[in-house]
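Undergrad: input_4.cif (mmCIF, C-alpha atoms and all ligand atoms) pasted underneath:
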data_start
loop_
_atom_site.label_atom_id
_atom_site.label_comp_id
_atom_site.auth_asym_id
_atom_site.auth_seq_id
_atom_site.Cartn_x
_atom_site.Cartn_y
_atom_site.Cartn_z
CA MET A 1 44.02 -7.82 -37.11
CA VAL A 2 45.02 -4.14 -37.14
CA ASN A 3 47.44 -3.21 -34.44
CA HIS A 4 46.64 0.28 -33.16
CA GLY A 5 49.82 0.52 -31.15
CA PHE A 6 48.12 1.44 -27.91
CA PHE A 7 50.28 0.43 -24.96
CA MET A 8 48.98 -2.82 -23.51
CA ASN A 9 46.06 -2.70 -25.91
CA SER A 10 44.26 -0.02 -23.91
CA PHE A 11 42.85 3.36 -24.87
CA PHE A 12 40.75 6.29 -23.75
CA ALA A 13 38.78 8.33 -26.30
CA VAL A 14 36.74 11.48 -26.01
CA SER A 15 34.23 13.12 -28.32
CA ILE A 16 33.16 16.72 -27.82
CA ASP A 17 29.66 17.96 -28.58
CA VAL A 18 29.78 21.73 -28.09
CA TYR A 19 26.28 22.33 -29.44
CA ASN A 20 24.57 20.05 -26.91
CA LYS A 21 27.17 20.81 -24.23
CA LYS A 22 28.07 17.14 -23.80
CA GLU A 23 31.15 14.97 -23.88
CA HIS A 24 31.23 11.29 -24.82
CA ILE A 25 33.92 9.05 -23.49
CA ILE A 26 34.79 5.47 -24.25
CA HIS A 27 37.64 3.51 -22.78
CA CYS A 28 38.88 -0.01 -22.43
CA VAL A 29 41.77 -1.76 -20.74
CA GLY A 30 43.38 -4.64 -22.62
CA TYR A 31 40.86 -4.97 -25.47
CA ALA A 32 41.65 -2.16 -27.91
CA ASN A 33 42.20 -4.38 -30.96
CA GLU A 34 39.10 -6.39 -30.28
CA PHE A 35 37.15 -3.17 -29.96
CA PHE A 36 38.37 -1.81 -33.28
CA ASN A 37 37.48 -5.11 -34.98
CA ASN A 38 34.00 -5.00 -33.60
CA TYR A 39 33.04 -1.60 -32.24
CA GLN A 40 31.20 -2.92 -29.23
CA LYS A 41 33.46 -5.11 -27.30
CA ASN A 42 34.29 -4.61 -23.63
CA ILE A 43 34.34 -0.88 -23.56
CA THR A 44 33.02 1.53 -20.99
CA ILE A 45 30.86 4.38 -22.26
CA GLU A 46 30.24 7.62 -20.41
CA GLU A 47 28.21 10.67 -21.35
CA ARG A 48 28.78 13.76 -19.24
CA PRO A 49 28.28 17.53 -19.35
CA LEU A 50 30.85 19.36 -21.44
CA GLY A 51 33.99 20.31 -19.52
CA GLU A 52 33.94 17.38 -17.05
CA PHE A 53 36.98 15.80 -18.70
CA ILE A 54 39.00 18.95 -17.97
CA PHE A 55 37.82 18.88 -14.35
CA ASP A 56 39.11 15.29 -14.11
CA PHE A 57 42.59 16.85 -14.28
CA SER A 58 42.02 18.83 -11.10
CA ASP A 59 43.78 17.52 -8.00
CA GLU A 60 40.63 17.90 -5.91
CA PHE A 61 39.03 14.79 -4.62
CA SER A 62 35.28 14.83 -4.19
CA GLU A 63 33.14 11.97 -2.93
CA ASN A 64 30.19 13.30 -4.92
CA ARG A 65 32.02 13.26 -8.17
CA PHE A 66 33.18 10.24 -10.14
CA ASN A 67 36.50 10.91 -11.86
CA VAL A 68 36.40 8.89 -15.08
CA LEU A 69 40.00 9.60 -16.02
CA ARG A 70 41.41 8.45 -12.68
CA ASP A 71 39.24 5.37 -12.73
CA TYR A 72 40.65 4.44 -16.14
CA LEU A 73 44.21 5.10 -14.96
CA GLU A 74 43.82 2.93 -11.90
CA LYS A 75 42.41 0.01 -13.86
CA TYR A 76 45.07 0.51 -16.52
CA LYS A 77 47.92 0.62 -14.02
CA LYS A 78 46.72 -2.54 -12.31
CA PHE A 79 46.42 -4.30 -15.66
CA VAL A 80 49.93 -3.23 -16.65
CA GLU A 81 51.36 -4.57 -13.37
CA ASN A 82 49.45 -7.82 -13.67
CA ASN A 83 50.83 -8.33 -17.15
CA LYS A 84 54.36 -7.36 -16.31
CA GLN A 85 55.87 -10.31 -18.19
CA ARG A 86 54.53 -8.92 -21.47
CA TRP A 87 56.40 -5.61 -21.38
CA TYR A 88 59.28 -6.48 -19.08
CA TYR A 89 61.17 -8.57 -21.67
CA ASP A 90 60.41 -6.36 -24.65
CA ASP A 91 62.78 -3.37 -25.01
CA GLU A 92 60.30 -1.24 -26.90
CA LEU A 93 57.47 -1.91 -24.47
CA PHE A 94 59.82 -1.45 -21.54
CA GLU A 95 60.59 2.09 -22.77
CA LYS A 96 56.92 2.76 -23.26
CA HIS A 97 56.21 1.61 -19.72
CA LYS A 98 58.62 4.27 -18.46
CA ASP A 99 56.73 6.98 -20.37
CA PHE A 100 53.50 5.53 -19.05
CA ALA A 101 54.67 5.83 -15.42
CA THR A 102 55.92 9.42 -15.95
CA SER A 103 52.72 10.44 -17.67
CA ILE A 104 50.49 9.05 -14.91
CA ALA A 105 52.55 10.80 -12.22
CA PHE A 106 52.18 14.09 -14.10
CA ILE A 107 48.42 13.76 -14.51
CA LYS A 108 47.98 12.92 -10.84
CA SER A 109 49.82 16.12 -9.92
CA GLY A 110 46.68 18.05 -10.90
CA ILE A 111 47.33 19.84 -14.18
CA PHE A 112 44.12 21.82 -14.00
CA SER A 113 45.06 23.85 -10.94
CA ASP A 114 44.34 27.32 -9.56
CA LYS A 115 47.65 28.36 -11.06
CA PHE A 116 46.40 27.19 -14.44
CA ILE A 117 43.20 29.23 -14.06
CA GLU A 118 45.24 32.27 -13.07
CA VAL A 119 47.52 31.96 -16.11
CA GLN A 120 44.48 31.39 -18.33
CA LYS A 121 43.14 34.81 -17.24
CA HIS A 122 46.02 36.50 -19.04
CA LEU A 123 45.77 34.39 -22.17
CA ALA A 124 46.24 36.50 -25.31
CA LEU A 125 45.06 35.79 -28.82
CA ASN A 126 47.75 34.17 -30.97
CA ASP A 127 48.56 35.12 -34.57
CA MET A 128 45.66 32.95 -35.80
CA HIS A 129 43.47 35.15 -33.60
CA LYS A 130 42.76 32.20 -31.32
CA HIS A 131 43.26 31.41 -27.67
CA SER A 132 45.73 28.56 -27.49
CA SER A 133 45.90 26.06 -24.66
CA LEU A 134 49.54 25.45 -25.53
CA GLN A 135 50.33 28.98 -24.30
CA VAL A 136 48.88 28.17 -20.88
CA LEU A 137 50.53 24.77 -20.68
CA LYS A 138 53.89 26.25 -21.64
CA ALA A 139 53.56 28.93 -18.99
CA CYS A 140 52.47 26.48 -16.26
CA TYR A 141 54.61 23.46 -17.13
CA PRO A 142 57.52 24.58 -19.31
CA GLU A 143 59.50 21.43 -18.50
CA LYS A 144 56.66 19.14 -19.59
CA THR A 145 55.41 20.82 -22.73
CA SER A 146 58.63 20.24 -24.62
CA ALA A 147 57.69 16.56 -24.38
CA ILE A 148 54.29 17.03 -26.03
CA ASN A 149 54.51 14.84 -29.09
CA ASN A 150 51.35 16.02 -30.83
CA VAL A 151 50.18 12.51 -31.53
CA PHE A 152 46.84 11.01 -30.87
CA GLN A 153 44.57 8.82 -32.90
CA SER A 154 41.13 9.58 -34.14
CA PHE A 155 38.21 7.56 -35.41
CA TYR A 156 34.53 7.89 -36.09
CA ILE A 157 31.68 5.94 -34.58
CA GLU A 158 28.78 6.81 -36.83
CA ASP A 159 28.93 10.61 -37.12
CA ARG A 160 30.81 11.18 -33.89
CA LEU A 161 34.52 11.97 -34.04
CA TYR A 162 36.63 10.56 -31.22
CA VAL A 163 40.21 11.37 -30.39
CA ALA A 164 42.04 8.65 -28.51
CA THR A 165 45.23 7.97 -26.64
CA ASP A 166 46.64 5.21 -24.51
CA PHE A 167 48.25 7.48 -21.93
CA ASN A 168 49.27 10.72 -23.65
CA PHE A 169 46.62 12.64 -21.75
CA ILE A 170 48.28 15.99 -21.90
CA GLU A 171 47.60 15.93 -25.66
CA LEU A 172 43.95 15.08 -25.12
CA PHE A 173 43.68 17.77 -22.47
CA ARG A 174 45.18 20.26 -24.91
CA PHE A 175 42.89 19.23 -27.75
CA TYR A 176 39.82 19.48 -25.53
CA LEU A 177 40.77 22.91 -24.20
CA ASP A 178 41.38 24.27 -27.69
CA GLU A 179 37.90 23.12 -28.66
CA LEU A 180 36.43 24.93 -25.64
CA TYR A 181 38.46 28.07 -26.29
CA SER A 182 37.38 28.22 -29.91
CA SER A 183 33.77 28.11 -28.70
CA GLY A 184 34.43 30.94 -26.24
CA MET A 185 34.32 28.75 -23.12
CA PHE A 186 36.83 28.80 -20.29
CA PRO A 187 37.00 26.31 -17.42
CA ARG A 188 36.84 28.40 -14.24
CA ARG A 189 36.12 28.22 -10.52
CA CYS A 190 32.99 29.85 -9.09
CA MET A 191 33.94 32.67 -6.72
CA ASN A 192 30.94 31.91 -4.49
CA CYS A 193 30.72 28.08 -4.14
CA GLY A 194 34.13 27.03 -5.51
CA ASN A 195 32.69 24.67 -8.15
CA LEU A 196 34.51 24.19 -11.42
CA PHE A 197 32.40 25.16 -14.43
CA LEU A 198 32.60 26.53 -17.97
CA SER A 199 32.41 30.30 -18.16
CA GLY A 200 32.19 32.67 -21.10
CA LYS A 201 34.81 34.85 -19.41
CA LYS A 202 38.49 34.04 -18.99
CA HIS A 203 39.12 36.90 -16.54
CA GLY A 204 37.19 38.80 -13.91
CA ASP A 205 34.96 37.36 -11.20
CA VAL A 206 32.70 34.51 -12.26
CA LEU A 207 29.69 32.78 -10.70
CA CYS A 208 28.47 29.35 -11.78
CA SER A 209 24.68 29.57 -11.43
CA THR A 210 21.75 31.91 -10.90
CA GLU A 211 21.68 30.67 -7.31
CA CYS A 212 25.29 31.73 -6.75
CA LYS A 213 24.63 35.05 -8.46
CA LYS A 214 21.73 35.73 -6.11
CA LYS A 215 23.76 34.75 -3.04
CA LYS A 216 26.67 36.95 -4.04
CA LYS A 217 24.38 39.89 -4.66
CA SER A 218 22.78 39.67 -1.22
CA GLN A 219 26.23 39.21 0.39
CA ASN A 220 27.43 42.36 -1.34
CA THR A 221 24.38 44.30 -0.20
CA MET A 222 24.84 43.10 3.37
CA ALA A 223 28.54 43.92 3.36
CA TYR A 224 27.68 47.37 2.03
CA TYR A 225 25.19 48.09 4.80
CA ASN A 226 27.38 46.56 7.53
CA ASN A 227 30.22 48.84 6.55
CA LEU A 228 28.17 52.01 6.57
CA SER A 229 28.87 54.54 9.28
CA GLU A 230 26.04 56.16 11.26
CA ASN A 231 26.32 59.32 9.19
CA GLU A 232 26.18 57.39 5.93
CA VAL A 233 22.98 55.69 7.10
CA LEU A 234 21.57 59.08 8.14
CA PHE A 235 22.44 60.59 4.77
CA ASN A 236 20.89 57.66 2.84
CA GLY A 237 17.65 58.08 4.80
CA ILE A 238 17.41 61.83 4.23
CA TYR A 239 18.37 61.53 0.57
CA ARG A 240 15.85 58.79 -0.18
CA LYS A 241 13.07 60.67 1.63
CA TRP A 242 13.66 63.88 -0.37
CA LYS A 243 14.06 62.11 -3.67
CA GLN A 244 10.65 60.49 -3.16
CA ARG A 245 8.96 63.69 -1.95
CA ILE A 246 10.27 65.69 -4.90
CA GLU A 247 9.23 62.98 -7.37
CA ARG A 248 5.75 62.82 -5.88
CA ALA A 249 5.35 66.63 -5.93
CA GLU A 250 6.46 66.65 -9.56
CA GLU A 251 4.03 63.88 -10.47
CA LYS A 252 1.06 65.46 -8.68
CA GLN A 253 2.14 68.98 -9.73
CA THR A 254 1.79 70.33 -6.18
CA ILE A 255 4.94 72.38 -6.89
CA ASN A 256 5.64 74.08 -10.20
CA GLU A 257 8.46 73.21 -12.59
CA LYS A 258 10.74 76.00 -11.41
CA GLY A 259 10.28 74.95 -7.79
CA ILE A 260 11.00 71.30 -8.63
CA SER A 261 14.28 72.17 -10.31
CA GLN A 262 15.20 74.36 -7.33
CA LEU A 263 14.57 71.42 -4.98
CA LYS A 264 16.54 69.06 -7.20
CA GLU A 265 19.43 71.51 -7.21
CA GLU A 266 19.35 71.74 -3.38
CA LEU A 267 19.37 67.93 -3.12
CA ARG A 268 22.36 67.78 -5.49
CA ILE A 269 24.28 70.32 -3.36
CA PHE A 270 23.40 68.31 -0.26
CA THR A 271 24.70 65.10 -1.90
CA ASP A 272 27.93 66.77 -3.02
CA TYR A 273 28.55 68.26 0.39
CA ASN A 274 28.02 64.89 2.09
CA ARG A 275 30.45 63.26 -0.35
CA THR A 276 33.08 65.90 0.42
CA LEU A 277 32.83 65.17 4.13
CA VAL A 278 32.92 61.38 3.61
CA ASN A 279 36.05 61.71 1.46
CA LYS A 280 37.76 64.03 3.95
CA ARG A 281 37.26 61.42 6.65
CA LYS A 282 38.46 58.59 4.37
CA LYS A 283 41.62 60.56 3.58
CA GLU A 284 42.07 61.29 7.31
CA ASN A 285 41.82 64.97 6.45
CA VAL A 286 40.24 65.79 9.81
CA PRO A 287 40.99 68.70 12.20
CA GLU A 288 43.31 67.70 15.02
CA LYS A 289 42.88 67.98 18.75
CA ASP A 290 45.99 67.67 20.94
CA GLY A 291 47.99 66.57 17.90
CA ILE A 292 45.66 63.69 16.88
CA PRO A 293 42.80 63.67 14.32
CA ASP A 294 39.57 64.39 16.19
CA TYR A 295 37.10 62.03 14.52
CA ASP A 296 34.39 62.47 17.18
CA SER A 297 34.05 66.23 16.67
CA PHE A 298 34.24 65.74 12.90
CA ASP A 299 31.47 63.12 12.96
CA ASN A 300 29.30 65.39 15.16
CA MET A 301 29.80 68.30 12.79
CA HIS A 302 28.89 65.97 9.87
CA LYS A 303 25.72 64.82 11.64
CA GLU A 304 24.63 68.39 12.44
CA THR A 305 25.28 69.45 8.84
CA LEU A 306 23.08 66.65 7.51
CA GLU A 307 20.26 67.58 9.90
CA ARG A 308 20.58 71.25 8.97
CA TYR A 309 20.27 70.46 5.26
CA ASP A 310 17.26 68.30 6.04
CA SER A 311 15.43 71.08 7.87
CA SER A 312 16.32 73.70 5.24
CA LEU A 313 14.87 71.35 2.59
CA TYR A 314 11.66 71.23 4.68
CA GLN A 315 11.50 75.03 4.78
CA LEU A 316 12.09 75.35 1.05
CA PHE A 317 9.57 72.63 0.23
CA ASP A 318 6.85 74.21 2.40
CA SER A 319 7.37 77.71 1.05
CA LEU A 320 7.28 76.47 -2.57
CA LYS A 321 4.07 74.57 -1.86
CA ARG A 322 2.42 77.65 -0.28
CA ASN A 323 3.37 79.81 -3.27
CA GLN A 324 1.81 77.38 -5.69
ZN ZN B 1 28.74 28.67 -7.67
#
Translate the structure described by the file into structure tokens.
TA:
Amino acid sequence: MVNHGFFMNSFFAVSIDVYNKKEHIIHCVGYANEFFNNYQKNITIEERPLGEFIFDFSDEFSENRFNVLRDYLEKYKKFVENNKQRWYYDDELFEKHKDFATSIAFIKSGIFSDKFIEVQKHLALNDMHKHSSLQVLKACYPEKTSAINNVFQSFYIEDRLYVATDFNFIELFRFYLDELYSSGMFPRRCMNCGNLFLSGKKHGDVLCSTECKKKKKSQNTMAYYNNLSENEVLFNGIYRKWKQRIERAEEKQTINEKGISQLKEELRIFTDYNRTLVNKRKKENVPEKDGIPDYDSFDNMHKETLERYDSSLYQLFDSLKRNQ
């Protein structure tokens, strides 16, 4: 019988299928050798969407989500305790048990955290022109990454390559991330619903689905309109009205080309003038009354200006139409 050296004859293996966006996981507690003698024995098989294994490292607990990694660790830990006599009197195994306990504590601390995502945003290409997960791990957990021993085992089942470990999960995490990075995928959190998902962008705002994109868009539009002042609303109304009227006159040729460009020029001047007033107010560059900025008078002046432009546009429009 081949001894694979997995602590307490247990292992966890993952296979990554980037093309079909899937991950395949197999794991067993206490039967590793039997499994490798006969590839079917007493193992658990999971198939999940790509990226889920990384999300297993998050410290979030969700009732709707089954965390495969934690489930394995719990079963494993129980098995190790129940078989204490096997490792307790063996120096080598006793040392390995210590590493096992440290490793589990580290994983449970939630390696894939918001801090991790933040550091990932600033990830630079290395000298192989690749994004490297080691860079992020080093930046987030400098004290832990020196202990990375770069060892895991690999095997094929049919044409599927698995990488396996007993409890060196930080290595598996690193391997998995490097595979994602090399395919241009970055595990991120949706800025609308908070879900973890794979994004094509490592920085900037990201949204996980078309539904979230739609929601965010309507939120932005609402926020925009809620923040508009009365004068901004008035301006938008006048501007839109004149843009449509000019376009229609151009289309139906009720005003000649020269007249149309004159109207367009007037509308541009109107827009510029409005912007100047909006900016003045934003910069608090407003005439004072009794030593304090007089916003009321300024806003009234702004309103009257907008209305004056509106009526002068009417006059111009009518006279151009008559001269046609
Ligand atoms: Zn979302």
Undergrad: Using Å and a single decimal, report how far CA of Val80 (chain A) sits from CA of Lys98 (chain A).
TA: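 Distance reported for this atom pair: 11.6 Å.
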Undergrad: Show me which residues are within 8 Å of ligand ZN 1 (chain B) counting all atoms listed in the file, and format the list as a compact mmCIF listing (two decimals) with C-alpha atoms, in the frame of the given file.
TA:
# COMPACT_ATOMS: atom_id res chain seq x y z
CA ARG A 189 36.12 28.22 -10.52
CA CYS A 190 32.99 29.85 -9.09
CA MET A 191 33.94 32.67 -6.72
CA ASN A 192 30.94 31.91 -4.49
CA CYS A 193 30.72 28.08 -4.14
CA GLY A 194 34.13 27.03 -5.51
CA ASN A 195 32.69 24.67 -8.15
CA LEU A 207 29.69 32.78 -10.70
CA CYS A 208 28.47 29.35 -11.78
CA SER A 209 24.68 29.57 -11.43
CA GLU A 211 21.68 30.67 -7.31
CA CYS A 212 25.29 31.73 -6.75
CA LYS A 213 24.63 35.05 -8.46
Undergrad: From the options A:Ile170, A:Met185, A:Leu313, A:Leu177, which residue's atoms come nearest to Lys201 (chain A), counting only C-alpha atoms?
TA: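 The closest residue to Lys201 (chain A) is A:Met185.
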Undergrad: So which residues touch region 162-165 of chain A within 10 Å, counting all atoms listed in the file, skipping near sequence neighbours fewer than 2 positions away, as a ChimeraX atom specification?
TA: /A:5-7,10-16,24-27,151-157,159-160,167-172,175-176
Undergrad: Which protein, DNA or RNA residues are at most 12 Å from (23.6, 56.6, -2.0) in the file's coordinates when you count all atoms listed in the file, listed as number ranges by chain?
TA: A: 224-225, 228, 231-241, 243, 268, 270-272, 274-275, 278
Undergrad: Please determine, counting all atoms listed in the file, which residue among A:Thr210, A:Ser199, A:Gln253, A:Asn285 has the shortest atom-to-atom distance to Gly184 (chain A).
TA: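 Counting all atoms listed in the file, the residue closest to Gly184 (chain A) is A:Ser199.
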Undergrad: Nearest to Lys264 (chain A) among A:Lys144, A:Lys21, A:Arg245, A:Lys214, with distances taken over only C-alpha atoms: which residue is it?
TA: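 Checking each of A:Lys144, A:Lys21, A:Arg245, A:Lys214 against Lys264 (chain A), counting only C-alpha atoms, the winner is A:Arg245.
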Undergrad: With distances taken over all atoms listed in the file, which of A:Asn42, A:Asn67, A:Ser229, A:Asn279 is nearest to Phe55 (chain A)?
TA: A:Asn67
Undergrad: Please provide as a list in words all residues within 12 Å of Glu118 (chain A), with the sequence filter that same-chain residues fewer than 2 positions apart are discarded (counting all atoms listed in the file).
TA: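 Counting all atoms listed in the file, the residues come to Phe112, Ser113, Asp114, Lys115, Phe116, Gln120, Lys121, His122, Leu123, Val136, Leu137, Ala139, Cys140, Phe186, Pro187, Arg188, Arg189, Lys202, His203, Gly204 and Asp205 of chain A.
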Undergrad: For Ile246 (chain A), which of A:Tyr314, A:Phe57, A:Tyr141, A:Phe173 is the closest residue, counting all atoms listed in the file?
TA: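 Closest to Ile246 (chain A) of all the choices is A:Tyr314.
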Undergrad: Find the spatial neighbours of Lys22 (chain A), counting only C-alpha atoms, within a cut-off of 12 Å - ignore same-chain residues fewer than 2 positions away - and output them as a list in words.
TA: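 Contacts, with the query itself left out: Val14, Ser15, Ile16, Asp17, Val18, Tyr19, Asn20, His24, Ile25, Glu46, Glu47, Arg48, Pro49, Leu50, Gly51, Glu52, Phe53, Leu180 and Leu198 of chain A.
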Undergrad: Filtering to C-alpha atoms, could you give me those residues as a tab-separated table (two decimals), in the frame of the given file?
TA:
chain	number	residue	atom	x	y	z
A	14	VAL	CA	36.74	11.48	-26.01
A	15	SER	CA	34.23	13.12	-28.32
A	16	ILE	CA	33.16	16.72	-27.82
A	17	ASP	CA	29.66	17.96	-28.58
A	18	VAL	CA	29.78	21.73	-28.09
A	19	TYR	CA	26.28	22.33	-29.44
A	20	ASN	CA	24.57	20.05	-26.91
A	24	HIS	CA	31.23	11.29	-24.82
A	25	ILE	CA	33.92	9.05	-23.49
A	46	GLU	CA	30.24	7.62	-20.41
A	47	GLU	CA	28.21	10.67	-21.35
A	48	ARG	CA	28.78	13.76	-19.24
A	49	PRO	CA	28.28	17.53	-19.35
A	50	LEU	CA	30.85	19.36	-21.44
A	51	GLY	CA	33.99	20.31	-19.52
A	52	GLU	CA	33.94	17.38	-17.05
A	53	PHE	CA	36.98	15.80	-18.70
A	180	LEU	CA	36.43	24.93	-25.64
A	198	LEU	CA	32.60	26.53	-17.97
Undergrad: Between CA of Ser132 (chain A) and CA of Arg174 (chain A), what is the distance, to one decimal in Å?
TA: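 Separation between CA of Ser132 (chain A) and CA of Arg174 (chain A): 8.7 Å.
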Undergrad: May I ask for the distance between CA of Leu316 (chain A) and CA of Leu263 (chain A), given in Å to one decimal place?
TA: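 CA of Leu316 (chain A) sits 7.6 Å away from CA of Leu263 (chain A).
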Undergrad: Can you work out which one of A:Gln315, A:Phe197, A:Val29, A:Lys77 has the shortest atom-to-atom distance to Glu266 (chain A), counting all atoms listed in the file?
TA: A:Gln315
Undergrad: Box for region 236-245 of chain A - axis-aligned, 6 Å on each of the six sides, all listed atoms - centre and size in Å to one decimal, as lines of an AutoDock Vina configuration file.
TA:
center_x = 14.9
center_y = 60.8
center_z = 0.6
size_x = 23.9
size_y = 18.2
size_z = 20.5
